[in-house]
>>> print(open('work_31.txt').read())   # compact mmCIF, C-alpha atoms and all ligand atoms
# COMPACT_ATOMS: atom_id res chain seq x y z
CA MET A 1240 -12.65 0.03 24.83
CA LYS A 1241 -9.46 -1.62 23.57
CA ILE A 1242 -8.67 -1.13 19.90
CA GLU A 1243 -9.11 -4.88 19.24
CA ALA A 1244 -12.64 -4.84 20.65
CA ALA A 1245 -13.51 -1.65 18.76
CA LEU A 1246 -12.33 -3.25 15.51
CA GLN A 1247 -14.50 -6.32 16.14
CA GLN A 1248 -17.62 -4.19 15.65
CA TYR A 1249 -16.96 -3.90 11.93
CA PRO A 1250 -17.91 -6.61 9.45
CA LYS A 1251 -15.36 -7.91 6.99
CA GLU A 1252 -15.32 -10.14 3.95
CA ASP A 1253 -12.83 -12.97 3.76
CA LEU A 1254 -10.45 -12.16 0.90
CA THR A 1255 -7.04 -13.36 1.96
CA ARG A 1256 -5.10 -15.65 4.20
CA THR A 1257 -3.40 -14.01 7.16
CA PRO A 1258 -1.09 -13.68 9.02
CA THR A 1259 1.49 -12.83 6.38
CA PRO A 1260 5.06 -13.64 7.46
CA LEU A 1261 7.23 -11.26 9.46
CA GLN A 1262 10.69 -12.23 8.25
CA HIS A 1263 14.17 -11.48 9.50
CA LEU A 1264 16.42 -10.85 6.48
CA PRO A 1265 19.81 -12.31 7.47
CA HIS A 1266 22.05 -11.26 4.57
CA LEU A 1267 20.83 -7.69 4.42
CA SER A 1268 21.09 -7.46 8.21
CA THR A 1269 24.73 -8.56 8.18
CA ASP A 1270 25.54 -6.29 5.28
CA LEU A 1271 23.99 -3.23 6.94
CA ASP A 1272 24.78 -4.07 10.58
CA VAL A 1273 21.10 -3.94 11.59
CA ASN A 1274 18.37 -6.46 12.29
CA PHE A 1275 16.14 -5.96 9.28
CA TYR A 1276 12.58 -7.32 9.45
CA LEU A 1277 10.18 -7.34 6.52
CA LYS A 1278 6.41 -7.71 6.96
CA ARG A 1279 5.45 -9.59 3.82
CA ASP A 1280 2.11 -8.13 2.78
CA ASP A 1281 3.25 -8.75 -0.78
CA LEU A 1282 2.25 -12.32 0.07
CA THR A 1283 -1.44 -11.77 0.77
CA ASP A 1284 -2.91 -14.45 -1.44
CA LEU A 1285 -5.36 -12.61 -3.66
CA ALA A 1286 -4.22 -12.27 -7.31
CA LEU A 1287 -0.51 -11.58 -6.72
CA GLY A 1288 -0.92 -9.91 -3.34
CA GLY A 1289 -0.32 -6.56 -1.72
CA ASP A 1290 -1.94 -4.22 0.78
CA LYS A 1291 -5.35 -3.99 -0.87
CA PRO A 1292 -6.95 -7.26 0.24
CA ARG A 1293 -6.76 -6.13 3.86
CA LYS A 1294 -8.41 -2.81 2.94
CA LEU A 1295 -11.02 -4.32 0.65
CA GLU A 1296 -12.17 -6.84 3.27
CA TYR A 1297 -13.64 -4.00 5.33
CA GLU A 1298 -14.67 -1.74 2.44
CA ILE A 1299 -16.59 -4.38 0.51
CA ALA A 1300 -18.40 -5.48 3.68
CA GLN A 1301 -19.80 -1.92 3.84
CA ALA A 1302 -20.67 -2.03 0.13
CA LYS A 1303 -22.49 -5.34 0.43
CA ALA A 1304 -24.44 -4.13 3.46
CA LYS A 1305 -25.79 -1.37 1.19
CA GLY A 1306 -26.74 -3.91 -1.49
CA ALA A 1307 -24.02 -3.02 -4.00
CA ASP A 1308 -23.64 -5.32 -7.00
CA THR A 1309 -20.77 -3.54 -8.80
CA LEU A 1310 -17.46 -2.10 -7.60
CA VAL A 1311 -16.14 1.01 -9.35
CA THR A 1312 -12.69 2.43 -8.82
CA CYS A 1313 -9.90 4.34 -10.55
CA GLY A 1314 -6.14 4.59 -10.72
CA SER A 1315 -3.04 4.64 -12.87
CA ALA A 1316 -2.59 2.23 -15.79
CA GLN A 1317 -0.45 0.06 -13.50
CA SER A 1318 -2.81 0.36 -10.53
CA ASN A 1319 -2.39 -2.42 -7.98
CA HIS A 1320 -5.69 -1.30 -6.55
CA ALA A 1321 -7.48 -1.90 -9.86
CA ARG A 1322 -5.98 -5.41 -10.02
CA LEU A 1323 -7.03 -6.30 -6.51
CA THR A 1324 -10.47 -4.66 -6.62
CA THR A 1325 -11.12 -6.68 -9.77
CA ALA A 1326 -9.92 -9.88 -8.10
CA ALA A 1327 -11.99 -9.20 -4.97
CA ALA A 1328 -15.10 -8.54 -7.06
CA ARG A 1329 -14.61 -11.80 -8.94
CA ARG A 1330 -14.05 -13.75 -5.75
CA LEU A 1331 -17.24 -12.35 -4.23
CA GLY A 1332 -19.35 -12.59 -7.40
CA LEU A 1333 -19.66 -8.84 -8.01
CA ASP A 1334 -19.30 -6.85 -11.22
CA VAL A 1335 -16.41 -4.43 -11.53
CA ALA A 1336 -15.51 -1.36 -13.58
CA VAL A 1337 -12.23 0.56 -13.44
CA VAL A 1338 -11.32 3.99 -14.79
CA LEU A 1339 -7.59 4.15 -15.52
CA SER A 1340 -5.25 6.86 -16.76
CA HIS A 1341 -3.71 6.29 -20.17
CA ASP A 1342 -0.28 7.15 -18.80
CA GLN A 1343 3.13 6.07 -20.09
CA TRP A 1344 2.85 2.64 -18.39
CA HIS A 1345 -0.23 1.52 -20.34
CA ALA A 1346 1.32 -1.51 -22.09
CA ILE A 1347 -0.82 -4.62 -21.61
CA GLN A 1348 1.56 -5.90 -18.98
CA GLY A 1349 1.81 -6.25 -15.22
CA ASN A 1350 -1.26 -5.03 -13.33
CA LEU A 1351 -3.12 -3.86 -16.43
CA LEU A 1352 -2.78 -7.26 -18.05
CA THR A 1353 -4.29 -8.91 -14.97
CA VAL A 1354 -7.21 -6.46 -14.90
CA TYR A 1355 -8.09 -7.44 -18.49
CA LEU A 1356 -7.58 -11.14 -17.74
CA MET A 1357 -10.08 -10.91 -14.88
CA GLY A 1358 -12.56 -9.19 -17.17
CA ALA A 1359 -13.15 -5.81 -15.54
CA ARG A 1360 -14.92 -3.15 -17.59
CA VAL A 1361 -12.01 -0.80 -18.32
CA GLU A 1362 -12.26 2.86 -19.31
CA MET A 1363 -8.97 4.50 -20.26
CA ILE A 1364 -8.85 8.26 -19.79
CA HIS A 1365 -6.24 10.60 -21.22
CA THR A 1366 -5.14 12.67 -18.24
CA GLU A 1367 -1.86 13.89 -16.86
CA ASP A 1368 -2.72 13.02 -13.28
CA HIS A 1369 -4.43 9.79 -12.23
CA TRP A 1370 -5.44 11.44 -8.97
CA ASP A 1371 -7.91 13.51 -11.03
CA LEU A 1372 -9.83 10.52 -12.29
CA GLU A 1373 -12.51 10.66 -9.63
CA GLU A 1374 -14.82 12.84 -11.72
CA HIS A 1375 -14.72 10.25 -14.52
CA ALA A 1376 -15.32 7.40 -12.10
CA LEU A 1377 -18.30 9.21 -10.58
CA ASN A 1378 -19.76 9.73 -14.08
CA LEU A 1379 -19.45 5.99 -14.60
CA VAL A 1380 -21.23 5.40 -11.29
CA ARG A 1381 -24.14 7.55 -12.53
CA GLU A 1382 -24.19 5.67 -15.85
CA LEU A 1383 -24.33 2.34 -14.06
CA GLU A 1384 -27.13 3.59 -11.81
CA ALA A 1385 -29.08 4.65 -14.90
CA GLU A 1386 -28.65 1.07 -16.17
CA GLY A 1387 -30.25 -0.20 -12.96
CA ARG A 1388 -27.03 -1.35 -11.29
CA LYS A 1389 -26.05 -0.69 -7.68
CA PRO A 1390 -22.47 0.55 -7.93
CA HIS A 1391 -20.20 1.19 -4.97
CA TYR A 1392 -17.42 3.70 -5.59
CA ILE A 1393 -14.03 3.06 -3.97
CA PRO A 1394 -11.63 6.02 -4.23
CA VAL A 1395 -8.12 5.87 -5.63
CA SER A 1396 -5.77 3.57 -3.67
CA GLY A 1397 -8.85 2.12 -1.95
CA THR A 1398 -8.46 4.34 1.08
CA THR A 1399 -11.57 5.18 3.09
CA PRO A 1400 -12.15 5.26 6.85
CA HIS A 1401 -13.53 1.71 6.76
CA SER A 1402 -10.87 0.29 4.44
CA SER A 1403 -8.17 1.71 6.72
CA LEU A 1404 -9.46 -0.64 9.41
CA GLY A 1405 -7.67 -3.31 7.37
CA TYR A 1406 -4.38 -1.83 8.52
CA ILE A 1407 -5.55 -1.55 12.11
CA SER A 1408 -5.96 -5.29 11.79
CA GLY A 1409 -2.66 -5.63 9.86
CA ALA A 1410 -0.84 -3.64 12.54
CA LEU A 1411 -2.32 -5.76 15.35
CA GLU A 1412 -1.14 -8.84 13.49
CA THR A 1413 2.37 -7.33 13.18
CA LEU A 1414 2.43 -6.44 16.89
CA THR A 1415 1.58 -10.03 17.81
CA GLN A 1416 4.42 -11.30 15.61
CA LEU A 1417 6.90 -8.78 17.03
CA LYS A 1418 5.98 -9.95 20.52
CA GLU A 1419 6.26 -13.63 19.58
CA GLN A 1420 9.70 -13.02 18.05
CA ASN A 1421 10.81 -10.81 20.97
CA ILE A 1422 11.47 -7.80 18.78
CA ILE A 1423 11.18 -4.22 19.93
CA PRO A 1424 11.44 -2.11 16.78
CA ASP A 1425 13.71 0.94 16.71
CA ALA A 1426 12.21 2.24 13.46
CA VAL A 1427 9.22 1.48 11.25
CA TYR A 1428 9.43 2.23 7.50
CA LEU A 1429 6.19 2.46 5.54
CA PRO A 1430 4.93 3.69 2.16
CA PHE A 1431 2.84 6.85 2.17
CA GLY A 1432 0.45 7.07 -0.79
CA THR A 1433 -2.88 8.35 0.46
CA GLY A 1434 -1.62 7.62 3.99
CA GLY A 1435 -4.23 5.02 4.92
CA ILE A 1436 -1.68 2.33 5.81
CA PHE A 1437 0.63 4.76 7.59
CA THR A 1438 -2.07 6.38 9.72
CA ALA A 1439 -3.71 3.10 10.74
CA MET A 1440 -0.40 1.48 11.69
CA LEU A 1441 0.78 4.55 13.60
CA LEU A 1442 -2.44 4.69 15.62
CA THR A 1443 -2.37 0.98 16.41
CA PHE A 1444 1.28 0.89 17.48
CA ARG A 1445 0.77 3.93 19.71
CA GLU A 1446 -2.38 2.42 21.27
CA HIS A 1447 -0.19 -0.56 22.15
CA GLY A 1448 2.52 1.60 23.70
CA ILE A 1449 5.12 1.00 20.98
CA ASP A 1450 6.91 4.31 20.56
CA ALA A 1451 9.40 3.52 17.76
CA PRO A 1452 9.68 6.42 15.31
CA PHE A 1453 7.69 5.94 12.10
CA PHE A 1454 9.13 6.89 8.70
CA GLY A 1455 6.64 7.47 5.88
CA ILE A 1456 8.11 7.54 2.38
CA SER A 1457 5.78 9.51 0.14
CA VAL A 1458 5.32 8.02 -3.32
CA ASN A 1459 3.34 10.88 -4.84
CA ARG A 1460 2.33 13.88 -2.78
CA ASN A 1461 4.27 16.72 -1.21
CA LEU A 1462 4.52 17.02 2.55
CA ASP A 1463 1.61 19.47 2.95
CA LYS A 1464 -0.75 17.06 1.23
CA CYS A 1465 0.63 14.11 3.22
CA ASP A 1466 0.12 16.00 6.48
CA ALA A 1467 -3.45 16.87 5.48
CA ASN A 1468 -4.15 13.23 4.63
CA LEU A 1469 -2.72 12.04 7.92
CA GLU A 1470 -5.03 14.45 9.77
CA LYS A 1471 -8.02 13.25 7.77
CA TRP A 1472 -7.48 9.51 8.32
CA TRP A 1473 -6.42 9.98 11.94
CA ALA A 1474 -9.67 11.80 12.75
CA ALA A 1475 -11.78 9.28 10.82
CA LEU A 1476 -10.16 6.22 12.42
CA CYS A 1477 -10.32 7.69 15.92
CA GLU A 1478 -14.02 8.28 15.38
CA LEU A 1479 -14.67 4.73 14.13
CA LEU A 1480 -12.66 3.22 16.99
CA ASP A 1481 -13.79 5.59 19.73
CA ILE A 1482 -10.29 6.93 20.46
CA ASP A 1483 -9.56 10.49 21.54
CA PRO A 1484 -8.05 12.10 18.41
CA ALA A 1485 -5.94 14.35 20.66
CA ARG A 1486 -3.99 11.35 21.95
CA PRO A 1487 -0.24 11.78 21.36
CA ARG A 1488 1.05 10.47 18.05
CA GLY A 1489 4.68 10.02 19.08
CA GLU A 1490 7.59 10.54 16.75
CA PHE A 1491 7.05 10.25 13.03
CA HIS A 1492 8.67 11.71 9.92
CA LEU A 1493 7.40 12.01 6.36
CA TYR A 1494 9.66 12.37 3.32
CA GLU A 1495 8.89 13.67 -0.17
CA GLU A 1496 12.42 13.47 -1.61
CA PHE A 1497 12.20 9.84 -2.74
CA ILE A 1498 9.30 10.39 -5.19
CA GLY A 1499 11.48 11.46 -8.11
CA LYS A 1500 9.85 13.62 -10.78
CA GLU A 1501 6.33 12.31 -10.14
CA TYR A 1502 4.31 9.31 -9.00
CA GLY A 1503 5.63 6.16 -10.65
CA ASP A 1504 8.93 7.74 -11.67
CA PRO A 1505 11.52 4.94 -11.51
CA THR A 1506 14.23 6.73 -9.54
CA GLU A 1507 17.82 5.56 -9.74
CA ALA A 1508 17.87 5.06 -5.96
CA GLY A 1509 14.64 3.03 -6.15
CA LEU A 1510 16.04 0.82 -8.92
CA ASP A 1511 19.25 0.27 -6.96
CA ALA A 1512 17.15 -0.61 -3.91
CA ILE A 1513 15.29 -3.22 -5.97
CA LEU A 1514 18.60 -4.77 -7.09
CA LYS A 1515 19.98 -4.75 -3.56
CA MET A 1516 16.99 -6.52 -2.00
CA ALA A 1517 16.71 -9.01 -4.86
CA THR A 1518 20.41 -9.86 -4.79
CA ALA A 1519 20.72 -10.08 -1.02
CA GLU A 1520 17.51 -11.92 -0.20
CA GLY A 1521 15.74 -13.10 -3.36
CA ILE A 1522 12.81 -10.82 -2.54
CA LEU A 1523 11.29 -8.68 -5.27
CA LEU A 1524 10.34 -5.05 -4.68
CA ASP A 1525 8.68 -2.69 -7.17
CA PRO A 1526 9.67 0.69 -8.62
CA VAL A 1527 6.53 2.58 -7.48
CA TYR A 1528 6.13 1.73 -3.77
CA SER A 1529 8.35 -0.81 -2.00
CA GLY A 1530 11.54 0.05 -3.93
CA LYS A 1531 11.08 3.69 -2.93
CA VAL A 1532 10.44 2.84 0.72
CA PHE A 1533 13.58 0.72 0.81
CA SER A 1534 15.55 3.47 -0.96
CA GLY A 1535 14.42 5.84 1.80
CA PHE A 1536 15.73 3.49 4.45
CA LEU A 1537 19.01 2.95 2.56
CA SER A 1538 19.53 6.69 2.23
CA HIS A 1539 19.04 7.19 5.98
CA HIS A 1540 21.33 4.25 6.67
CA ALA A 1541 24.02 5.70 4.40
CA LYS A 1542 23.87 8.94 6.39
CA GLY A 1543 24.64 6.92 9.50
CA ASP A 1544 21.15 7.05 11.03
CA TRP A 1545 20.94 3.27 11.59
CA GLY A 1546 23.40 0.56 12.42
CA GLN A 1547 24.82 -1.31 15.40
CA GLY A 1548 22.10 -3.88 15.64
CA LYS A 1549 19.10 -1.56 15.47
CA ASN A 1550 15.80 -3.32 14.80
CA ILE A 1551 14.31 -2.01 11.57
CA LEU A 1552 10.81 -2.99 10.50
CA MET A 1553 9.67 -2.33 6.93
CA LEU A 1554 6.31 -3.15 5.39
CA HIS A 1555 6.42 -4.71 1.93
CA SER A 1556 3.01 -3.59 0.71
CA GLY A 1557 3.25 -5.38 -2.65
CA GLY A 1558 3.14 -3.85 -6.12
CA VAL A 1559 5.56 -6.36 -7.65
CA PRO A 1560 3.53 -7.03 -10.87
CA ALA A 1561 4.54 -3.53 -12.04
CA ILE A 1562 8.12 -4.73 -12.64
CA PHE A 1563 6.90 -6.34 -15.88
CA ALA A 1564 5.55 -3.03 -17.15
CA TYR A 1565 8.86 -1.40 -16.16
CA ALA A 1566 10.97 -4.19 -17.72
CA GLY A 1567 12.62 -1.84 -20.26
CA ILE A 1568 13.74 0.58 -17.55
CA LEU A 1569 14.94 -2.27 -15.36
CA GLU A 1570 16.87 -3.75 -18.29
CA GLU A 1571 18.57 -0.39 -18.89
CA HIS A 1572 19.44 -0.18 -15.22
CA LEU A 1573 20.90 -3.69 -15.17
CA ARG A 1574 23.13 -2.72 -18.13
CA LYS A 1575 24.18 0.47 -16.38
CA ARG A 1576 25.24 -1.53 -13.33
CA GLY A 1577 27.11 -4.10 -15.44
CA ARG A 1578 24.65 -6.89 -14.71
CA LEU A 1579 23.66 -7.47 -18.33
C1 LIG A 1601 1.69 -1.59 -3.35
C2 LIG A 1601 1.14 -0.38 -2.65
N1 LIG A 1601 1.73 0.04 -1.54
C3 LIG A 1601 1.30 1.14 -0.88
C4 LIG A 1601 0.22 1.87 -1.33
C5 LIG A 1601 -0.16 3.14 -0.62
O1 LIG A 1601 -1.03 2.93 0.44
P1 LIG A 1601 -1.76 4.17 1.09
O2 LIG A 1601 -2.54 4.84 -0.02
O3 LIG A 1601 -2.63 3.58 2.14
O4 LIG A 1601 -0.73 5.08 1.64
C6 LIG A 1601 -0.44 1.46 -2.49
C7 LIG A 1601 -1.57 2.25 -2.99
O5 LIG A 1601 -2.03 2.17 -4.07
C8 LIG A 1601 0.04 0.31 -3.17
O6 LIG A 1601 -0.56 -0.13 -4.30
>>> encode(input="work_31.txt", output="structure tokens", more="lines below")
Ligand SMILES: Cc1ncc(COP(=O)(O)O)c(C=O)c1O
Amino acid sequence: MKIEAALQQYPKEDLTRTPTPLQHLPHLSTDLDVNFYLKRDDLTDLALGGDKPRKLEYEIAQAKAKGADTLVTCGSAQSNHARLTTAAARRLGLDVAVVLSHDQWHAIQGNLLTVYLMGARVEMIHTEDHWDLEEHALNLVRELEAEGRKPHYIPVSGTTPHSSLGYISGALETLTQLKEQNIIPDAVYLPFGTGGIFTAMLLTFREHGIDAPFFGISVNRNLDKCDANLEKWWAALCELLDIDPARPRGEFHLYEEFIGKEYGDPTEAGLDAILKMATAEGILLDPVYSGKVFSGFLSHHAKGDWGQGKNILMLHSGGVPAIFAYAGILEEHLRKRGRL
């Protein structure tokens, strides 16, 4: 069965307007001597956009089929996923509760501000690592059950086998646009958080015979953990879509050196990447995901890996509301670069 037909078997909610644009960025392309294309998933139209609406369309369809009335999830204080799960719940008339880490970005700004505005039940937990919040979220699930609710738990970043179908669909959409615009990519740059987006897009491109190397820029985990996640989502997606998991994956590379000290660390290279994209094209990136992906590309470009008209495709997966929580750091960086 073709991957399109296999995907059709799965129900989805309607949470956002697609396709998102696939844009050629002319000034950056001239500056860097490449053809730079940006897939604008920051423009999905649910509560300031990003990758999550695509994922939640499939995940919430599963939840509703099981009769869920409340969505429960967890993440960092500036979690995009918490913002978009809250928005999706509101749009579909569900209740929502989020467990967030009381980390250094907990000012009522950016994503956290929007979560409060949309009226989620918020529990702030003092923990060093927001990836360890699951236990707290599962306690909340049990509490809600005891109150007679029917909660559905969505793990951190929203990645599950079913939610990853959203990026099978997103990748198919991108492939159609590449074909329409006569573009054969030479490289594909993507964020790698839990790896849901990366794995789904890699599988879809390979199923369609596109063999461009993939570059996954890790935003939090070391390479061992990224590899393990890729294995996990690859196996799960192949099972859902009836694809032989032993099929070749083609060339791909994962990088941990752009993370900085930890998840969410605003690296100097990431901040410079934000300034470069904003100044060249008037497009905003964020310090946690898209700025780091672009900094990965810029670093490879500076080493001479790309140039001479190569076709570079990067996914902008959103995350922009976080710039308001990072305003102080961005202000400092603007001063450092003589822009303030
Ligand atoms: C803006 C943004 N981009 C990328 C990701 C990472 O996606 P994945 O976990 O599928 O690798 C996230 C996850 O939270 C995100 O919020």
>>> residues_around(input="work_31.txt", residues="Val1335 in chain A", least_positions_apart="4", cutoff="9 Å", atoms="all atoms listed in the file", output="PyMOL selection string")
chain A and resi 1308-1312+1324-1325+1328-1329+1358-1361+1390
>>> residues_around(input="work_31.txt", residues="Tyr1355 in chain A", least_positions_apart="6", cutoff="12 Å", atoms="only C-alpha atoms", output="count of residues only")
16
>>> residues_around(input="work_31.txt", residues="Asp1280 in chain A", least_positions_apart="2", cutoff="9 Å", atoms="all atoms listed in the file", output="PDB file with C-alpha atoms, in the frame of the given file")
ATOM      1  CA  PRO A1258      -1.090 -13.680   9.020  1.00  0.00           C
ATOM      2  CA  THR A1259       1.490 -12.830   6.380  1.00  0.00           C
ATOM      3  CA  PRO A1260       5.060 -13.640   7.460  1.00  0.00           C
ATOM      4  CA  LEU A1261       7.230 -11.260   9.460  1.00  0.00           C
ATOM      5  CA  LEU A1277      10.180  -7.340   6.520  1.00  0.00           C
ATOM      6  CA  LYS A1278       6.410  -7.710   6.960  1.00  0.00           C
ATOM      7  CA  LEU A1282       2.250 -12.320   0.070  1.00  0.00           C
ATOM      8  CA  THR A1283      -1.440 -11.770   0.770  1.00  0.00           C
ATOM      9  CA  GLY A1288      -0.920  -9.910  -3.340  1.00  0.00           C
ATOM     10  CA  GLY A1289      -0.320  -6.560  -1.720  1.00  0.00           C
ATOM     11  CA  ASP A1290      -1.940  -4.220   0.780  1.00  0.00           C
ATOM     12  CA  GLY A1409      -2.660  -5.630   9.860  1.00  0.00           C
ATOM     13  CA  LEU A1554       6.310  -3.150   5.390  1.00  0.00           C
ATOM     14  CA  HIS A1555       6.420  -4.710   1.930  1.00  0.00           C
ATOM     15  CA  SER A1556       3.010  -3.590   0.710  1.00  0.00           C
ATOM     16  CA  GLY A1557       3.250  -5.380  -2.650  1.00  0.00           C
TER      17      GLY A1557
END
>>> closest_residue(input="work_31.txt", among="A:Asn1274, A:Ser1315, A:Ser1538, A:Ser1529", to="Ala1508 in chain A", atoms="all atoms listed in the file")
A:Ser1538
>>> closest_atom_pairs(input="work_31.txt", of="chain A", to="ligand LIG 1601 (chain A)", cutoff="7 Å", atoms="only C-alpha atoms and all ligand atoms", output="Markdown table")
| residue | atom | partner | partner_atom | distance |
| --- | --- | --- | --- | --- |
| A:Gly1289 | CA | A:LIG1601 | C1 | 5.6 |
| A:Asp1290 | CA | A:LIG1601 | C2 | 6.0 |
| A:Ser1318 | CA | A:LIG1601 | O6 | 6.6 |
| A:Asn1319 | CA | A:LIG1601 | O6 | 4.7 |
| A:His1320 | CA | A:LIG1601 | O5 | 5.6 |
| A:Ser1396 | CA | A:LIG1601 | O5 | 4.0 |
| A:Thr1398 | CA | A:LIG1601 | O3 | 6.0 |
| A:Pro1430 | CA | A:LIG1601 | C3 | 5.4 |
| A:Phe1431 | CA | A:LIG1601 | O4 | 4.0 |
| A:Gly1432 | CA | A:LIG1601 | O4 | 3.4 |
| A:Thr1433 | CA | A:LIG1601 | O2 | 3.6 |
| A:Gly1434 | CA | A:LIG1601 | O4 | 3.6 |
| A:Gly1435 | CA | A:LIG1601 | O3 | 3.5 |
| A:Ile1436 | CA | A:LIG1601 | O3 | 4.0 |
| A:Phe1437 | CA | A:LIG1601 | O4 | 6.1 |
| A:Tyr1528 | CA | A:LIG1601 | N1 | 5.2 |
| A:Ser1529 | CA | A:LIG1601 | N1 | 6.7 |
| A:Ser1556 | CA | A:LIG1601 | N1 | 4.5 |
| A:Gly1557 | CA | A:LIG1601 | C1 | 4.2 |
| A:Gly1558 | CA | A:LIG1601 | C1 | 3.9 |
>>> closest_residue(input="work_31.txt", among="A:Leu1476, A:Ile1242, A:Ala1485, A:Leu1569", to="Thr1506 in chain A", atoms="only C-alpha atoms")
A:Leu1569
>>> closest_residue(input="work_31.txt", among="A:Gly1503, A:Pro1424, A:Ser1340, A:Gly1397", to="His1375 in chain A", atoms="only C-alpha atoms")
A:Ser1340
>>> atom_distance(input="work_31.txt", atom1="CA of Tyr1406 in chain A", atom2="CA of Met1516 in chain A")
24.3 Å
>>> residues_near_point(input="work_31.txt", point="(10.9, 8.1, -2.6)", cutoff="12 Å", atoms="all atoms listed in the file", output="short mmCIF file (atom, residue, chain, number, x, y, z; two decimals) with C-alpha atoms, in the coordinates of the input")
data_model
loop_
_atom_site.label_atom_id
_atom_site.label_comp_id
_atom_site.auth_asym_id
_atom_site.auth_seq_id
_atom_site.Cartn_x
_atom_site.Cartn_y
_atom_site.Cartn_z
CA TYR A 1428 9.43 2.23 7.50
CA LEU A 1429 6.19 2.46 5.54
CA PRO A 1430 4.93 3.69 2.16
CA PHE A 1431 2.84 6.85 2.17
CA GLY A 1432 0.45 7.07 -0.79
CA PHE A 1454 9.13 6.89 8.70
CA GLY A 1455 6.64 7.47 5.88
CA ILE A 1456 8.11 7.54 2.38
CA SER A 1457 5.78 9.51 0.14
CA VAL A 1458 5.32 8.02 -3.32
CA ASN A 1459 3.34 10.88 -4.84
CA ARG A 1460 2.33 13.88 -2.78
CA ASN A 1461 4.27 16.72 -1.21
CA LEU A 1493 7.40 12.01 6.36
CA TYR A 1494 9.66 12.37 3.32
CA GLU A 1495 8.89 13.67 -0.17
CA GLU A 1496 12.42 13.47 -1.61
CA PHE A 1497 12.20 9.84 -2.74
CA ILE A 1498 9.30 10.39 -5.19
CA GLY A 1499 11.48 11.46 -8.11
CA LYS A 1500 9.85 13.62 -10.78
CA GLU A 1501 6.33 12.31 -10.14
CA TYR A 1502 4.31 9.31 -9.00
CA GLY A 1503 5.63 6.16 -10.65
CA ASP A 1504 8.93 7.74 -11.67
CA PRO A 1505 11.52 4.94 -11.51
CA THR A 1506 14.23 6.73 -9.54
CA GLU A 1507 17.82 5.56 -9.74
CA ALA A 1508 17.87 5.06 -5.96
CA GLY A 1509 14.64 3.03 -6.15
CA LEU A 1510 16.04 0.82 -8.92
CA ALA A 1512 17.15 -0.61 -3.91
CA ASP A 1525 8.68 -2.69 -7.17
CA PRO A 1526 9.67 0.69 -8.62
CA VAL A 1527 6.53 2.58 -7.48
CA TYR A 1528 6.13 1.73 -3.77
CA SER A 1529 8.35 -0.81 -2.00
CA GLY A 1530 11.54 0.05 -3.93
CA LYS A 1531 11.08 3.69 -2.93
CA VAL A 1532 10.44 2.84 0.72
CA PHE A 1533 13.58 0.72 0.81
CA SER A 1534 15.55 3.47 -0.96
CA GLY A 1535 14.42 5.84 1.80
CA PHE A 1536 15.73 3.49 4.45
CA LEU A 1537 19.01 2.95 2.56
CA SER A 1538 19.53 6.69 2.23
CA HIS A 1539 19.04 7.19 5.98
#
>>> atom_distance(input="work_31.txt", atom1="CA of Asp1483 in chain A", atom2="CA of Cys1465 in chain A")
21.3 Å
>>> atom_distance(input="work_31.txt", atom1="CA of Cys1477 in chain A", atom2="CA of Gln1247 in chain A")
14.6 Å
